[in-house]
Amino acid sequence: MDFTLPEELRMLRDTVARFVKEELIPLEKDVIRREAERGLTDAPLIAPEVERELERKAREIGLYGIDAPEEYGGQNLGMLAKAVVVEELKYSITPFTLPPDSPNLWMLRETCKGDQIQKYLIPYANGEKKSSIAITEPGAGSDPAGMKTRAEYKNGKWVINGQKIFISGARKADFIIVMAVTDASKGSRGGITAFLVDKGSQGLSIPSVFNTVGEHAPYAVFFDNVEVTDDQVLGTVGNGFGPMQNRLGVRRMEIACRAMGYTRRCLDLMIPQANERRTFGAPLADRQSVQWAIADSWQEMEMVRWVTWRLAWKMDQGERNWRREAAMVKLQGSEMVARAVDRAMQLFGGMGMTKDMPLEYIFRACRLFRIYEGPSEIHRWFIARDLLRNGLPAH
Ligand SMILES: Cc1cc2nc3c(=O)[nH]c(=O)nc-3n(C[C@H](O)[C@H](O)[C@H](O)COP(=O)(O)OP(=O)(O)OC[C@H]3O[C@@H](n4cnc5c(N)ncnc54)[C@H](O)[C@@H]3O)c2cc1C
């Protein structure tokens with residue numbers, strides 16, 4: 001057993017940390033201002049020209065395609081590398097992500113075949129195309145098996161009808177992975193199929209945005225007799241649910257990493273403040289309540305780190321049976337960061353409430369972590385069900 005991060009990943013971590021310090025942290029004031037000013041719109045939090053420049057600079061220093069296969073223009077460094085990169089990036093609140101986004105990449109890698117590799121997978125893997133995934137509906141979120149969007153086979157084509165909500169990045173996506181029922185009698189066990197729906201398809205509309213807490217602005221997406229060909233079936237008909245679950249697992253692992261990045265930022269703000277700020281003749285650092293706030297945030301973050309890195313490592317070993325662990329790290333990470341940022345805000349008093357600091361932004365941004373990719377209750381329920389049915393796993 002070796003707990004040291006390989007030299008290659010330590011170098012990668014340091015490169016991302018420098019990029020964050022030099023490029024992302026200086027943009028934070030602008031991100032906070034843009035978020036405050038955008039009101040009920042989906043205006044981007046990083047100006048598009050600035051984002052393009054960030055992507056160019058990142059690529060220049062070797063930050064691209066971290067977990068994308070080399071044959072598709074990536075570096076194939078794996079999920080542990082991606083975990084390290086995501087945590088470092090989330091030390092800053094500037095919402096910059098290195099393309100490609102891992103969860104959809106994972107799903108496309110598992111399922112793309114024939115011409116789909118050239119048309120969707122390669123441009124996605126090398127960052128030329130963007131995508132989103134449409135699972136949630138007004139009547140089906142935590143329980144996606146209850147989805148109603150249907151795809152029917154008529155005259156040699158699939159015809160999709162239905163409505164999705166809360167679809168992140170839909171307006172910017174070149175294609176959307178759409179989950180639809182193809183056999184209602186089978187449900188999630190053979191009755192749900194994934195389709196690749198191109199931007200601008202006849203009958204596809206993205207009429208409105210949901211302005212949610214924090215930095216996100218997902219969309220409502222409607223399908224009104226949207227026709228797609230057999231070539232746009234992702235994977236095989238009826239078998240969309242399994243690859244979709246694996247994809248969700250990748251995002252759950254990433255959410256734990258985002259939580260660690262934000263928590264490290266909170267700790268880095270708390271420690272000097274505790275040492276320097278004096279009340280009643282003594283530094284805050286002398287008060288036990290402040291010491292515990294720091295100690296608990298650190299310990300909780302470290303415990304999330306090791307289970308998350310173990311999960312990423314397992315993914316790199318080619319293991320596929322990691323649903324329980326993905327649920328666990330997502331649950332623990334999302335609840336851990338909420339406690340940490342709350343403590344940091346308390347420690348900073350009035351300043352902690354202001355938009356002059358990143359804490360207020362983190363406080364709102366991380367609230368979503370406990371909802372999307374499955375609310376906390378669903379993960380607890382899934383973990384319990386798994387243990388109750390199968391007993392304890394070996395260490
Ligand atoms: C900003 C944002 C971005 C999103 N991006 C996407 C996206 O890109 N693509 C996509 O498809 N979806 C996306 N979603 C949707 C998200 O995944 C769902 O909102 C989430 O899965 C919860 O589903 P729901 O909202 O229907 O809540 P519901 O399923 O109605 O659940 C509501 C609450 O009920 C409780 N609950 C539900 N079931 C149980 C249970 N069995 N036991 C105990 N308690 C329970 C939980 O507290 C839960 O929070 C996004 C959502 C948001 C807010």
# chains A, B, ... in the order shown; residues from 1 in each chain; ligands from 1
call {"tool": "residues_around", "arguments": {"residues": "Met270 of chain A", "least_positions_apart": "5", "cutoff": "8 Å", "atoms": "only C-alpha atoms", "output": "list in words"}}
result
Ile294, Ala344, Leu347 and Phe348 of chain A
call {"tool": "residues_around", "arguments": {"residues": "segment 132-145 of chain A", "least_positions_apart": "4", "cutoff": "8 Å", "atoms": "only C-alpha atoms", "output": "number ranges by chain"}}
result
A: 104, 163-170, 173, 175-179, 187-188, 374-375, 378
call {"tool": "write_last_selection", "arguments": {"atoms": "C-alpha atoms", "output": "compact mmCIF listing (two decimals), in the first residue's frame"}}
result
# COMPACT_ATOMS: atom_id res chain seq x y z
CA ASN A 104 -20.24 12.73 -20.34
CA GLN A 163 -40.03 17.70 -21.34
CA LYS A 164 -36.85 17.87 -19.30
CA ILE A 165 -35.99 20.37 -16.58
CA PHE A 166 -32.85 21.64 -14.84
CA ILE A 167 -30.58 20.74 -17.75
CA SER A 168 -27.18 22.34 -17.16
CA GLY A 169 -25.39 23.85 -20.13
CA ALA A 170 -28.19 22.97 -22.59
CA ALA A 173 -24.34 22.30 -25.90
CA PHE A 175 -25.45 17.94 -28.56
CA ILE A 176 -27.55 16.69 -25.67
CA ILE A 177 -27.57 13.14 -24.34
CA VAL A 178 -31.30 12.60 -23.90
CA MET A 179 -32.67 9.77 -21.77
CA GLY A 187 -38.72 0.72 -17.10
CA SER A 188 -35.09 1.15 -16.03
CA GLY A 374 -28.97 12.62 -6.27
CA PRO A 375 -30.03 14.28 -2.98
CA ILE A 378 -31.13 8.97 -1.80
call {"tool": "residues_around", "arguments": {"residues": "segment 257-267 of chain A", "least_positions_apart": "6", "cutoff": "7 Å", "atoms": "only C-alpha atoms", "output": "PyMOL selection string"}}
result
chain A and resi 83+86-88+90-91+294+301+333-334+337+340-341+344+362
call {"tool": "closest_residue", "arguments": {"among": "A:Pro243, A:Gly318, A:Gly214, A:Gly238", "to": "Phe369 of chain A", "atoms": "only C-alpha atoms"}}
result
A:Gly214
call {"tool": "select_by_dssp", "arguments": {"residues": "segment 250-355 of chain A", "states": "strand (DSSP E)", "output": "list in words"}}
result
Arg278, Thr279, Ala282 and Pro283 of chain A
call {"tool": "closest_residue", "arguments": {"among": "A:Ile32, A:Ala285, A:Ala217, A:Ala293", "to": "ligand 1", "atoms": "only C-alpha atoms and all ligand atoms"}}
result
A:Ala217
call {"tool": "select_by_dssp", "arguments": {"residues": "segment 112-351 of chain A", "states": "helix (DSSP H, G or I)", "output": "ChimeraX atom specification"}}
result
/A:116-125,144-146,170-172,230-232,241-276,284-286,288-316,323-351
call {"tool": "atom_distance", "arguments": {"atom1": "atom CA of Gln232 of chain A", "atom2": "atom CA of Arg247 of chain A"}}
result
18.3 Å
call {"tool": "atom_distance", "arguments": {"atom1": "atom CA of Glu49 of chain A", "atom2": "atom CA of Pro95 of chain A"}}
result
14.5 Å
call {"tool": "residues_around", "arguments": {"residues": "Arg323 of chain A", "least_positions_apart": "3", "cutoff": "12 Å", "atoms": "only C-alpha atoms", "output": "PDB file with N, CA and C atoms, in the first residue's frame"}}
result
ATOM      1  N   GLY A 242     -27.746   1.840 -17.346  1.00  0.00           N
ATOM      2  CA  GLY A 242     -26.463   1.436 -16.750  1.00  0.00           C
ATOM      3  C   GLY A 242     -25.365   2.454 -17.021  1.00  0.00           C
ATOM      4  N   PRO A 243     -25.082   2.781 -18.307  1.00  0.00           N
ATOM      5  CA  PRO A 243     -24.059   3.796 -18.591  1.00  0.00           C
ATOM      6  C   PRO A 243     -24.376   5.147 -17.942  1.00  0.00           C
ATOM      7  N   MET A 244     -25.677   5.468 -17.847  1.00  0.00           N
ATOM      8  CA  MET A 244     -26.052   6.731 -17.201  1.00  0.00           C
ATOM      9  C   MET A 244     -25.674   6.697 -15.716  1.00  0.00           C
ATOM     10  N   GLN A 245     -25.895   5.575 -15.062  1.00  0.00           N
ATOM     11  CA  GLN A 245     -25.539   5.452 -13.642  1.00  0.00           C
ATOM     12  C   GLN A 245     -24.028   5.577 -13.460  1.00  0.00           C
ATOM     13  N   ASN A 246     -23.245   4.953 -14.356  1.00  0.00           N
ATOM     14  CA  ASN A 246     -21.786   5.072 -14.250  1.00  0.00           C
ATOM     15  C   ASN A 246     -21.358   6.520 -14.423  1.00  0.00           C
ATOM     16  N   ARG A 247     -22.025   7.187 -15.357  1.00  0.00           N
ATOM     17  CA  ARG A 247     -21.718   8.596 -15.592  1.00  0.00           C
ATOM     18  C   ARG A 247     -21.996   9.420 -14.333  1.00  0.00           C
ATOM     19  N   LEU A 248     -23.129   9.136 -13.681  1.00  0.00           N
ATOM     20  CA  LEU A 248     -23.468   9.869 -12.454  1.00  0.00           C
ATOM     21  C   LEU A 248     -22.407   9.607 -11.382  1.00  0.00           C
ATOM     22  N   GLY A 249     -21.875   8.390 -11.367  1.00  0.00           N
ATOM     23  CA  GLY A 249     -20.838   8.052 -10.386  1.00  0.00           C
ATOM     24  C   GLY A 249     -19.592   8.900 -10.577  1.00  0.00           C
ATOM     25  N   VAL A 250     -19.240   9.154 -11.823  1.00  0.00           N
ATOM     26  CA  VAL A 250     -18.054   9.989 -12.092  1.00  0.00           C
ATOM     27  C   VAL A 250     -18.293  11.402 -11.563  1.00  0.00           C
ATOM     28  N   ARG A 251     -19.485  11.938 -11.816  1.00  0.00           N
ATOM     29  CA  ARG A 251     -19.784  13.291 -11.321  1.00  0.00           C
ATOM     30  C   ARG A 251     -19.801  13.312  -9.793  1.00  0.00           C
ATOM     31  N   ARG A 252     -20.301  12.236  -9.198  1.00  0.00           N
ATOM     32  CA  ARG A 252     -20.358  12.213  -7.721  1.00  0.00           C
ATOM     33  C   ARG A 252     -18.948  12.280  -7.151  1.00  0.00           C
ATOM     34  N   MET A 253     -18.036  11.575  -7.780  1.00  0.00           N
ATOM     35  CA  MET A 253     -16.642  11.626  -7.340  1.00  0.00           C
ATOM     36  C   MET A 253     -16.106  13.057  -7.501  1.00  0.00           C
ATOM     37  N   LEU A 311     -11.554   5.834  -4.455  1.00  0.00           N
ATOM     38  CA  LEU A 311     -12.548   5.593  -5.509  1.00  0.00           C
ATOM     39  C   LEU A 311     -11.943   5.906  -6.889  1.00  0.00           C
ATOM     40  N   LYS A 314      -9.677   3.218  -7.882  1.00  0.00           N
ATOM     41  CA  LYS A 314     -10.424   2.025  -8.324  1.00  0.00           C
ATOM     42  C   LYS A 314     -10.912   2.200  -9.753  1.00  0.00           C
ATOM     43  N   MET A 315     -11.396   3.394 -10.061  1.00  0.00           N
ATOM     44  CA  MET A 315     -11.856   3.655 -11.430  1.00  0.00           C
ATOM     45  C   MET A 315     -10.698   3.438 -12.406  1.00  0.00           C
ATOM     46  N   GLU A 319     -12.146  -1.083 -12.276  1.00  0.00           N
ATOM     47  CA  GLU A 319     -13.284  -1.640 -11.529  1.00  0.00           C
ATOM     48  C   GLU A 319     -14.559  -0.904 -11.925  1.00  0.00           C
ATOM     49  N   ARG A 320     -15.646  -1.630 -11.952  1.00  0.00           N
ATOM     50  CA  ARG A 320     -16.911  -0.983 -12.320  1.00  0.00           C
ATOM     51  C   ARG A 320     -17.928  -0.976 -11.174  1.00  0.00           C
ATOM     52  N   ALA A 326     -19.268   5.802  -4.719  1.00  0.00           N
ATOM     53  CA  ALA A 326     -19.549   7.111  -5.333  1.00  0.00           C
ATOM     54  C   ALA A 326     -20.632   7.830  -4.531  1.00  0.00           C
ATOM     55  N   ALA A 327     -21.636   7.074  -4.086  1.00  0.00           N
ATOM     56  CA  ALA A 327     -22.697   7.667  -3.260  1.00  0.00           C
ATOM     57  C   ALA A 327     -22.095   8.213  -1.965  1.00  0.00           C
ATOM     58  N   MET A 328     -21.178   7.430  -1.382  1.00  0.00           N
ATOM     59  CA  MET A 328     -20.592   7.805  -0.088  1.00  0.00           C
ATOM     60  C   MET A 328     -19.754   9.086  -0.195  1.00  0.00           C
ATOM     61  N   VAL A 329     -18.896   9.175  -1.199  1.00  0.00           N
ATOM     62  CA  VAL A 329     -18.020  10.360  -1.257  1.00  0.00           C
ATOM     63  C   VAL A 329     -18.816  11.612  -1.613  1.00  0.00           C
ATOM     64  N   LYS A 330     -19.835  11.427  -2.445  1.00  0.00           N
ATOM     65  CA  LYS A 330     -20.662  12.585  -2.818  1.00  0.00           C
ATOM     66  C   LYS A 330     -21.419  13.084  -1.595  1.00  0.00           C
ATOM     67  N   HIS A 379     -28.723   8.926  -1.400  1.00  0.00           N
ATOM     68  CA  HIS A 379     -27.443   8.231  -1.222  1.00  0.00           C
ATOM     69  C   HIS A 379     -27.433   7.428   0.071  1.00  0.00           C
ATOM     70  N   PHE A 382     -29.529   4.421  -0.555  1.00  0.00           N
ATOM     71  CA  PHE A 382     -28.866   3.447  -1.427  1.00  0.00           C
ATOM     72  C   PHE A 382     -27.786   2.675  -0.664  1.00  0.00           C
ATOM     73  N   ILE A 383     -26.998   3.403   0.137  1.00  0.00           N
ATOM     74  CA  ILE A 383     -25.906   2.750   0.886  1.00  0.00           C
ATOM     75  C   ILE A 383     -26.505   1.735   1.867  1.00  0.00           C
ATOM     76  N   ASP A 386     -27.900  -1.326   0.092  1.00  0.00           N
ATOM     77  CA  ASP A 386     -26.817  -2.189  -0.385  1.00  0.00           C
ATOM     78  C   ASP A 386     -26.243  -3.022   0.765  1.00  0.00           C
TER      79      ASP A 386
END
call {"tool": "closest_residue", "arguments": {"among": "A:Ala282, A:Met107, A:Leu388, A:Ile371", "to": "ligand 1", "atoms": "only C-alpha atoms and all ligand atoms"}}
result
A:Ile371
call {"tool": "closest_residue", "arguments": {"among": "A:Asp42, A:Glu215, A:Glu335, A:Asp101", "to": "ligand 1", "atoms": "only C-alpha atoms and all ligand atoms"}}
result
A:Glu215
call {"tool": "closest_residue", "arguments": {"among": "A:Arg33, A:Arg277, A:Arg59, A:Arg10", "to": "Asp356 of chain A", "atoms": "only C-alpha atoms"}}
result
A:Arg33
call {"tool": "closest_residue", "arguments": {"among": "A:Tyr219, A:Lys199, A:Glu55, A:Glu300", "to": "ligand 1", "atoms": "only C-alpha atoms and all ligand atoms"}}
result
A:Tyr219
